[in-house]
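Shown below: model_29.cif, with mmCIF, C-alpha atoms and all ligand atoms.
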data_final
#
loop_
_atom_site.label_atom_id
_atom_site.label_comp_id
_atom_site.auth_asym_id
_atom_site.auth_seq_id
_atom_site.Cartn_x
_atom_site.Cartn_y
_atom_site.Cartn_z
CA MET A 1 198.14 28.79 -12.27
CA GLN A 2 201.64 27.41 -12.64
CA LEU A 3 202.37 23.90 -11.42
CA THR A 4 205.30 21.54 -11.25
CA LEU A 5 204.35 18.00 -12.21
CA LYS A 6 206.48 14.96 -11.41
CA ILE A 7 204.95 12.28 -13.58
CA TRP A 8 205.76 8.59 -13.83
CA ARG A 9 206.83 7.89 -17.40
CA GLN A 10 207.17 4.30 -18.54
CA LYS A 11 207.35 3.34 -22.21
CA GLY A 12 205.83 -0.10 -21.73
CA PRO A 13 205.35 -3.04 -19.37
CA ARG A 14 209.02 -4.05 -19.52
CA ASP A 15 210.50 -0.57 -19.20
CA ALA A 16 211.88 0.37 -15.74
CA GLY A 17 210.12 3.76 -15.80
CA GLY A 18 210.90 6.82 -13.71
CA PHE A 19 209.66 10.29 -12.76
CA VAL A 20 210.02 13.15 -15.23
CA THR A 21 209.42 16.75 -14.16
CA TYR A 22 207.21 19.04 -16.26
CA SER A 23 205.99 22.53 -15.76
CA ALA A 24 202.32 23.27 -16.44
CA ARG A 25 201.79 26.95 -17.26
CA ASP A 26 198.71 29.14 -17.70
CA ILE A 27 196.37 26.57 -16.21
CA ASP A 28 192.83 27.81 -15.63
CA GLU A 29 191.57 26.95 -12.14
CA HIS A 30 188.24 25.84 -13.65
CA MET A 31 189.89 23.14 -15.75
CA SER A 32 189.48 19.56 -14.66
CA PHE A 33 192.66 17.71 -13.73
CA LEU A 34 192.51 15.74 -16.98
CA GLU A 35 192.01 18.92 -19.01
CA MET A 36 195.16 20.25 -17.35
CA LEU A 37 196.98 17.11 -18.52
CA ASP A 38 195.50 17.60 -22.00
CA VAL A 39 197.13 21.06 -22.07
CA VAL A 40 200.47 19.60 -20.98
CA ASN A 41 200.14 16.90 -23.64
CA GLU A 42 199.40 19.47 -26.35
CA SER A 43 202.65 21.23 -25.55
CA LEU A 44 204.55 17.92 -25.49
CA THR A 45 203.07 16.96 -28.86
CA ALA A 46 203.94 20.38 -30.30
CA ARG A 47 207.56 19.78 -29.24
CA GLY A 48 207.53 16.35 -30.87
CA GLU A 49 207.61 14.51 -27.53
CA ASP A 50 205.51 11.52 -26.53
CA PRO A 51 202.34 12.68 -24.70
CA ILE A 52 201.64 11.34 -21.20
CA ALA A 53 199.39 8.28 -21.41
CA PHE A 54 196.43 8.20 -19.02
CA ASP A 55 193.01 6.57 -19.19
CA SER A 56 189.70 8.40 -19.40
CA ASP A 57 186.35 8.04 -21.08
CA CYS A 58 183.21 9.66 -19.68
CA ARG A 59 184.99 12.37 -17.66
CA GLU A 60 181.79 12.53 -15.63
CA GLY A 61 182.76 10.20 -12.78
CA ILE A 62 180.55 7.34 -13.94
CA CYS A 63 182.55 4.96 -16.13
CA GLY A 64 185.51 4.00 -13.91
CA THR A 65 188.10 4.37 -16.68
CA CYS A 66 190.22 7.13 -15.17
CA GLY A 67 192.44 6.88 -12.14
CA PHE A 68 195.98 7.47 -10.96
CA VAL A 69 197.67 8.54 -7.76
CA ILE A 70 198.21 12.24 -6.97
CA ASN A 71 200.60 13.03 -4.13
CA GLY A 72 200.18 9.54 -2.73
CA VAL A 73 196.36 9.47 -2.82
CA ALA A 74 194.39 7.41 -5.32
CA HIS A 75 192.20 9.81 -7.39
CA GLY A 76 193.78 12.75 -5.55
CA PRO A 77 192.99 14.72 -2.42
CA GLN A 78 189.26 15.43 -2.84
CA ARG A 79 187.14 12.76 -1.16
CA ALA A 80 184.51 10.84 -3.10
CA THR A 81 185.79 12.24 -6.39
CA THR A 82 187.25 10.55 -9.44
CA VAL A 83 190.29 12.22 -10.94
CA CYS A 84 188.20 13.28 -13.94
CA GLN A 85 185.89 15.22 -11.61
CA LEU A 86 188.74 16.84 -9.69
CA HIS A 87 189.26 20.48 -10.63
CA MET A 88 192.37 22.60 -10.56
CA ARG A 89 190.77 25.08 -8.13
CA PHE A 90 191.35 22.42 -5.51
CA PHE A 91 195.11 23.14 -5.81
CA LYS A 92 197.21 26.24 -5.22
CA ASP A 93 199.31 28.19 -7.66
CA GLY A 94 202.91 26.92 -7.41
CA ASP A 95 201.98 23.45 -6.13
CA THR A 96 204.15 20.46 -6.96
CA LEU A 97 202.11 17.37 -7.80
CA VAL A 98 203.45 13.82 -8.07
CA LEU A 99 201.47 11.57 -10.42
CA GLU A 100 201.87 7.79 -10.43
CA PRO A 101 199.89 4.85 -11.81
CA TRP A 102 197.99 2.38 -9.59
CA ARG A 103 200.62 0.11 -8.05
CA ALA A 104 199.49 -3.48 -7.52
CA ARG A 105 200.78 -6.86 -8.67
CA ALA A 106 197.41 -7.60 -10.28
CA PHE A 107 197.52 -4.30 -12.24
CA PRO A 108 200.61 -4.38 -14.50
CA ILE A 109 201.61 -0.98 -15.83
CA LEU A 110 200.96 -0.67 -19.56
CA LYS A 111 202.35 2.81 -20.12
CA ASP A 112 202.91 5.92 -17.98
CA LEU A 113 199.73 6.26 -15.85
CA CYS A 114 197.80 3.42 -17.55
CA VAL A 115 197.50 0.01 -15.93
CA ASP A 116 195.81 -3.20 -17.02
CA ARG A 117 192.75 -3.69 -14.78
CA GLY A 118 191.67 -6.88 -16.54
CA ALA A 119 192.00 -8.71 -13.22
CA LEU A 120 188.83 -6.95 -12.07
CA ASP A 121 187.08 -8.27 -15.19
CA GLY A 122 188.26 -11.75 -14.20
CA ILE A 123 186.40 -11.41 -10.89
CA ILE A 124 183.25 -10.25 -12.70
CA GLN A 125 183.50 -13.15 -15.13
CA ALA A 126 183.71 -15.53 -12.17
CA GLY A 127 180.28 -14.54 -10.89
CA GLY A 128 179.40 -10.86 -11.22
CA TYR A 129 176.23 -11.52 -13.20
CA ILE A 130 172.89 -13.32 -12.99
CA SER A 131 171.98 -15.96 -15.54
CA THR A 132 168.33 -16.34 -14.51
CA SER A 133 165.75 -14.64 -16.70
CA ALA A 134 164.61 -11.56 -14.80
CA GLY A 135 161.90 -10.73 -17.35
CA SER A 136 161.17 -7.26 -18.66
CA ALA A 137 161.07 -4.05 -16.62
CA PRO A 138 157.38 -4.48 -15.59
CA ASP A 139 158.19 -8.05 -14.39
CA ALA A 140 161.05 -6.74 -12.31
CA ASN A 141 158.87 -4.01 -10.86
CA SER A 142 156.20 -6.54 -9.85
CA LEU A 143 158.66 -8.35 -7.57
CA PRO A 144 158.59 -6.79 -4.09
CA VAL A 145 162.03 -5.91 -2.71
CA PRO A 146 162.40 -4.72 0.90
CA LYS A 147 163.31 -1.03 0.84
CA GLU A 148 166.39 -1.59 2.99
CA HIS A 149 167.69 -4.24 0.58
CA ALA A 150 166.94 -2.11 -2.46
CA ASP A 151 168.82 0.85 -0.96
CA ARG A 152 171.82 -1.26 0.02
CA ALA A 153 171.93 -2.96 -3.39
CA MET A 154 171.82 0.45 -5.05
CA ASP A 155 174.64 1.74 -2.85
CA ALA A 156 176.77 -1.27 -3.79
CA ALA A 157 175.92 -0.91 -7.48
CA ALA A 158 177.50 2.54 -7.43
CA CYS A 159 180.94 0.89 -7.70
CA ILE A 160 182.44 1.90 -11.05
CA GLY A 161 185.30 -0.60 -11.00
CA CYS A 162 188.02 2.02 -11.06
CA GLY A 163 190.46 0.04 -8.91
CA ALA A 164 191.39 2.88 -6.55
CA CYS A 165 190.59 0.62 -3.60
CA VAL A 166 193.25 -1.84 -4.79
CA ALA A 167 195.79 0.94 -5.33
CA ALA A 168 195.26 2.33 -1.83
CA CYS A 169 195.31 -0.99 0.00
CA PRO A 170 198.68 -1.98 1.54
CA ASN A 171 197.82 -5.58 0.55
CA ALA A 172 196.58 -4.59 -2.93
CA SER A 173 193.32 -6.34 -2.11
CA ALA A 174 190.23 -5.97 -4.29
CA MET A 175 187.88 -6.95 -1.47
CA LEU A 176 185.96 -3.67 -1.52
CA PHE A 177 185.33 -3.95 -5.26
CA MET A 178 184.38 -7.63 -4.96
CA SER A 179 182.14 -7.02 -1.97
CA ALA A 180 180.22 -4.35 -3.89
CA LYS A 181 179.61 -6.80 -6.74
CA VAL A 182 178.59 -9.62 -4.39
CA ALA A 183 176.25 -7.29 -2.48
CA HIS A 184 174.47 -5.60 -5.36
CA LEU A 185 173.45 -8.98 -6.79
CA GLY A 186 173.13 -10.98 -3.57
CA LEU A 187 170.75 -8.51 -1.91
CA LEU A 188 168.16 -8.72 -4.70
CA PRO A 189 165.71 -11.57 -5.38
CA GLN A 190 167.04 -12.08 -8.92
CA GLY A 191 170.53 -12.74 -7.55
CA GLN A 192 169.56 -15.49 -5.11
CA ALA A 193 169.81 -18.49 -7.45
CA GLU A 194 173.58 -18.09 -7.83
CA ARG A 195 174.30 -16.34 -4.54
CA TRP A 196 176.49 -18.98 -2.89
CA ARG A 197 178.23 -20.18 -6.03
CA ARG A 198 178.92 -16.55 -6.95
CA VAL A 199 180.66 -15.64 -3.72
CA ARG A 200 182.76 -18.80 -3.71
CA SER A 201 183.98 -18.46 -7.28
CA MET A 202 184.64 -14.73 -7.05
CA VAL A 203 186.78 -15.21 -3.93
CA VAL A 204 188.77 -17.98 -5.63
CA GLN A 205 189.26 -15.77 -8.70
CA HIS A 206 190.34 -12.84 -6.51
CA GLU A 207 193.13 -15.08 -5.17
CA ASP A 208 194.04 -16.37 -8.64
CA GLU A 209 194.31 -12.84 -10.05
CA GLY A 210 197.01 -12.02 -7.48
CA PHE A 211 195.11 -9.64 -5.20
CA GLY A 212 196.04 -9.63 -1.52
CA HIS A 213 193.86 -10.33 1.49
CA CYS A 214 191.91 -7.74 3.44
CA THR A 215 193.36 -6.94 6.86
CA ASN A 216 190.95 -4.11 7.69
CA HIS A 217 193.15 -1.08 7.01
CA GLY A 218 190.21 0.82 5.55
CA GLU A 219 192.34 2.67 2.99
CA CYS A 220 189.98 1.40 0.26
CA GLU A 221 186.95 3.11 1.77
CA ALA A 222 188.92 6.34 2.26
CA VAL A 223 189.70 6.70 -1.45
CA CYS A 224 186.61 5.17 -3.03
CA PRO A 225 185.04 7.81 -5.29
CA LYS A 226 181.63 6.16 -4.89
CA GLU A 227 181.81 5.87 -1.08
CA ILE A 228 181.50 2.09 -1.01
CA THR A 229 181.75 1.29 2.69
CA LEU A 230 183.72 -1.36 4.55
CA ASP A 231 180.57 -3.04 5.84
CA PHE A 232 180.11 -4.51 2.37
CA ILE A 233 183.30 -6.50 3.05
CA SER A 234 181.60 -7.81 6.22
CA LEU A 235 178.63 -8.83 4.07
CA LEU A 236 180.99 -10.61 1.66
CA ASN A 237 182.68 -12.49 4.50
CA ARG A 238 179.31 -13.46 5.97
CA ASP A 239 178.08 -14.76 2.60
CA LEU A 240 181.32 -16.70 2.12
CA LEU A 241 180.79 -18.35 5.52
CA LEU A 242 177.13 -19.10 4.77
CA ALA A 243 178.13 -20.50 1.36
CA THR A 244 179.86 -23.37 3.14
CA PHE A 245 176.39 -24.57 4.24
CA HIS A 246 174.96 -24.44 0.70
CA ASP A 247 175.78 -26.50 -2.38
S1 LIG A 301 184.91 -0.05 -4.60
FE1 LIG A 301 185.21 2.15 -5.01
S2 LIG A 301 187.42 2.36 -5.36
FE2 LIG A 301 186.94 0.17 -5.56
S3 LIG A 301 186.57 -0.17 -7.75
FE3 LIG A 301 184.55 0.27 -6.80
S4 LIG A 301 184.30 2.51 -7.06
FE4 LIG A 301 186.49 2.10 -7.40
S1 LIG A 302 186.63 9.09 -17.01
FE1 LIG A 302 184.81 8.01 -16.44
S2 LIG A 302 184.90 8.01 -14.29
FE2 LIG A 302 186.59 9.26 -14.83
#

Turn the structure described in the file into structure tokens.
Ligand code: SF4
Ligand code: FES
Amino acid sequence: MQLTLKIWRQKGPRDAGGFVTYSARDIDEHMSFLEMLDVVNESLTARGEDPIAFDSDCREGICGTCGFVINGVAHGPQRATTVCQLHMRFFKDGDTLVLEPWRARAFPILKDLCVDRGALDGIIQAGGYISTSAGSAPDANSLPVPKEHADRAMDAAACIGCGACVAACPNASAMLFMSAKVAHLGLLPQGQAERWRRVRSMVVQHEDEGFGHCTNHGECEAVCPKEITLDFISLLNRDLLLATFHD
């Protein structure tokens, strides 16, 4: 395959940045998207040019490290797929692909396609944990959990913190991410002790980190590689309301 790539290049946070056009030649359709970029970077390095910076770690769709926008869609055109799990066979020979970093006030661009997603860590630090002793695995297994709650908590826990939901949202809101964290802890018995404090402090932190408000566009759900659904945002809003009745 031959491709034309228009890639956002930005030397650092203070650089204005801009698109640079590259041609990717002899790309195997079975390569992953990131392997294709590796090939482009090898040729840039061989020419003495700065390789394109992008984040990745597991390349198995489980760590949440990768992510950028391809032709206007966070993580690219294949639904429920991280960019590291996207393969070149999804594209056609001769395609032109435009690659940009996540764009959100809370995610400053570090270099090229890399952004600082520390603002998501700030939300986790505000309440995305339990500080009660849950005991060992047998203790946890001896605590009955309604099947429906266990399933919903597991669905929410699938969030890998990639930030695509923020990048896709016209308000750059992290509500989908935050709702997944609130739900996966708040639906389980071990998460009850801090349930109301958690939701209050995470929502305050979300505001402080510079994320926007949710106005129900649903773009977050459409791009989420782990299919976190909008109804978790309803759960978050309900818990925030109920928190006003609890100390
Ligand atoms: S909710 Fe989905 S898109 Fe948002 S951070 Fe979690 S996995 Fe990524
Ligand atoms: S590199 Fe880990 S999810 Fe993509």

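Summary of the local environment: counting all atoms listed in the file, residues at most 8 Å from Cys165 in chain A, other than itself and those fewer than 6 positions away along its chain, are A:Ala74, A:Ala172, A:Ser173, A:Ala174, A:Leu176, A:Phe177, A:Glu219, A:Cys220, A:Glu221, A:Val223, A:Cys224.
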
Hey, which residues come within 7 Å of ligand LIG 301 (chain A) if we count all atoms listed in the file? Could you give them as a PyMOL selection string? chain A and resi 64+158-166+176-177+180+220+223-228

Export of prior selection with C-alpha atoms as a PDB file, in the frame of the given file:
ATOM      1  CA  GLY A  64     185.510   4.000 -13.910  1.00  0.00           C
ATOM      2  CA  ALA A 158     177.500   2.540  -7.430  1.00  0.00           C
ATOM      3  CA  CYS A 159     180.940   0.890  -7.700  1.00  0.00           C
ATOM      4  CA  ILE A 160     182.440   1.900 -11.050  1.00  0.00           C
ATOM      5  CA  GLY A 161     185.300  -0.600 -11.000  1.00  0.00           C
ATOM      6  CA  CYS A 162     188.020   2.020 -11.060  1.00  0.00           C
ATOM      7  CA  GLY A 163     190.460   0.040  -8.910  1.00  0.00           C
ATOM      8  CA  ALA A 164     191.390   2.880  -6.550  1.00  0.00           C
ATOM      9  CA  CYS A 165     190.590   0.620  -3.600  1.00  0.00           C
ATOM     10  CA  VAL A 166     193.250  -1.840  -4.790  1.00  0.00           C
ATOM     11  CA  LEU A 176     185.960  -3.670  -1.520  1.00  0.00           C
ATOM     12  CA  PHE A 177     185.330  -3.950  -5.260  1.00  0.00           C
ATOM     13  CA  ALA A 180     180.220  -4.350  -3.890  1.00  0.00           C
ATOM     14  CA  CYS A 220     189.980   1.400   0.260  1.00  0.00           C
ATOM     15  CA  VAL A 223     189.700   6.700  -1.450  1.00  0.00           C
ATOM     16  CA  CYS A 224     186.610   5.170  -3.030  1.00  0.00           C
ATOM     17  CA  PRO A 225     185.040   7.810  -5.290  1.00  0.00           C
ATOM     18  CA  LYS A 226     181.630   6.160  -4.890  1.00  0.00           C
ATOM     19  CA  GLU A 227     181.810   5.870  -1.080  1.00  0.00           C
ATOM     20  CA  ILE A 228     181.500   2.090  -1.010  1.00  0.00           C
TER      21      ILE A 228
END

Residue nearest Lys111 in chain A among A:Gln85, A:Gln125, A:Gln10, A:Gln192 (counting all atoms listed in the file):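 Using all atoms listed in the file, the shortest distance to Lys111 in chain A belongs to A:Gln10.
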
Given all atoms listed in the file as the basis, pick out the residue of A:Gly186, A:Ile124, A:Arg197, A:His213 nearest to Asp247 in chain A. A:Arg197

Closest atom pairs, chain A residues within 7 Å of ligand LIG 302 (chain A), all atoms listed in the file, as a tab-separated table:
residue	atom	partner	partner_atom	distance
A:Ser56	CA	A:LIG302	S1	4.0
A:Asp57	CA	A:LIG302	S1	4.2
A:Cys58	CA	A:LIG302	FE1	4.0
A:Arg59	CA	A:LIG302	S1	3.7
A:Glu60	CA	A:LIG302	FE1	5.5
A:Gly61	CA	A:LIG302	S2	3.4
A:Ile62	CA	A:LIG302	S2	4.4
A:Cys63	CA	A:LIG302	FE1	3.8
A:Gly64	CA	A:LIG302	S2	4.1
A:Thr65	CA	A:LIG302	FE1	4.9
A:Cys66	CA	A:LIG302	FE2	4.2
A:Gly67	CA	A:LIG302	FE2	6.9
A:Thr82	CA	A:LIG302	FE2	5.6
A:Val83	CA	A:LIG302	FE2	6.1
A:Cys84	CA	A:LIG302	FE2	4.4
A:Gln85	CA	A:LIG302	FE2	6.8

Considering all atoms listed in the file, can you say which of A:Ile109, A:Val145, A:Ala104, A:Met88 comes closest to Pro189 in chain A? A:Val145

Which of these residues is nearest to Trp8 in chain A, using only C-alpha atoms: A:Met31, A:Asp95, A:Asp50, A:Leu113?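 Result for the nearest residue to Trp8 in chain A: A:Leu113.
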
Taking all atoms listed in the file into account, which of A:Val182, A:Ile70, A:Ala167, A:Leu241 comes nearest Phe33 in chain A?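 Using all atoms listed in the file, Phe33 in chain A sits closest to A:Ile70.
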
For CA of Leu240 in chain A and CA of Pro170 in chain A, the interatomic separation in Å (one decimal):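 Atom-to-atom, CA of Leu240 in chain A and CA of Pro170 in chain A are spaced 22.8 Å apart.
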
Can you tell me which residues surround Thr132 in chain A at a distance of at most 10 Å, considering all atoms listed in the file, apart from same-chain residues fewer than 6 positions away, and format the answer as a list in words?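 Close residues of Thr132 in chain A: Gln190, Gly191, Gln192, Ala193 and Glu194 of chain A.
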
Kindly indicate which residue among A:Phe232, A:Phe211, A:Phe245, A:Phe90 lies nearest to Arg105 in chain A, using only C-alpha atoms for the distances. A:Phe211

Need the shell around range 148-150 of chain A: protein/DNA/RNA residues with any atom at most 12 Å away, counting only C-alpha atoms. Skip same-chain ones fewer than 6 positions apart. Format as a list in words? Asn141, Ala156, Ala157, Ala183, His184, Leu185, Gly186, Leu187, Leu188, Pro189 and Gln190 of chain A

As an exercise, work out the distance from CA of Met202 in chain A to CA of Ala80 in chain A in Å and give it to one decimal place. 25.9 Å

Computed interatomic separation between CA of Cys214 in chain A and CA of Asn237 in chain A (Å): 10.4 Å

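Using all atoms listed in the file, every residue with an atom at most 12 Å from the point (189.6, -17.7, -5.0) is listed here: Gly122, Ile123, Ala126, Gly127, Ala174, Met175, Met178, Arg197, Arg198, Val199, Arg200, Ser201, Met202, Val203, Val204, Gln205, His206, Glu207, Asp208, Glu209, Gly210, Phe211, Gly212, His213 and Leu240 of chain A.
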
Just C-alpha atoms for this one: save the residues we selected as a short mmCIF file (atom, residue, chain, number, x, y, z; two decimals), keeping the file's coordinate frame.
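Wrote it out as again-v9.cif, contents follow:
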data_model
loop_
_atom_site.label_atom_id
_atom_site.label_comp_id
_atom_site.auth_asym_id
_atom_site.auth_seq_id
_atom_site.Cartn_x
_atom_site.Cartn_y
_atom_site.Cartn_z
CA GLY A 122 188.26 -11.75 -14.20
CA ILE A 123 186.40 -11.41 -10.89
CA ALA A 126 183.71 -15.53 -12.17
CA GLY A 127 180.28 -14.54 -10.89
CA ALA A 174 190.23 -5.97 -4.29
CA MET A 175 187.88 -6.95 -1.47
CA MET A 178 184.38 -7.63 -4.96
CA ARG A 197 178.23 -20.18 -6.03
CA ARG A 198 178.92 -16.55 -6.95
CA VAL A 199 180.66 -15.64 -3.72
CA ARG A 200 182.76 -18.80 -3.71
CA SER A 201 183.98 -18.46 -7.28
CA MET A 202 184.64 -14.73 -7.05
CA VAL A 203 186.78 -15.21 -3.93
CA VAL A 204 188.77 -17.98 -5.63
CA GLN A 205 189.26 -15.77 -8.70
CA HIS A 206 190.34 -12.84 -6.51
CA GLU A 207 193.13 -15.08 -5.17
CA ASP A 208 194.04 -16.37 -8.64
CA GLU A 209 194.31 -12.84 -10.05
CA GLY A 210 197.01 -12.02 -7.48
CA PHE A 211 195.11 -9.64 -5.20
CA GLY A 212 196.04 -9.63 -1.52
CA HIS A 213 193.86 -10.33 1.49
CA LEU A 240 181.32 -16.70 2.12
#

Report, as AutoDock Vina command-line options, the axis-aligned box around all atoms of range 194-209 of chain A present in the file, extended by 5 Å on each side; give centre and edge lengths in Å to one decimal place.
--center_x 183.9 --center_y -16.5 --center_z -6.5 --size_x 30.7 --size_y 17.3 --size_z 17.2
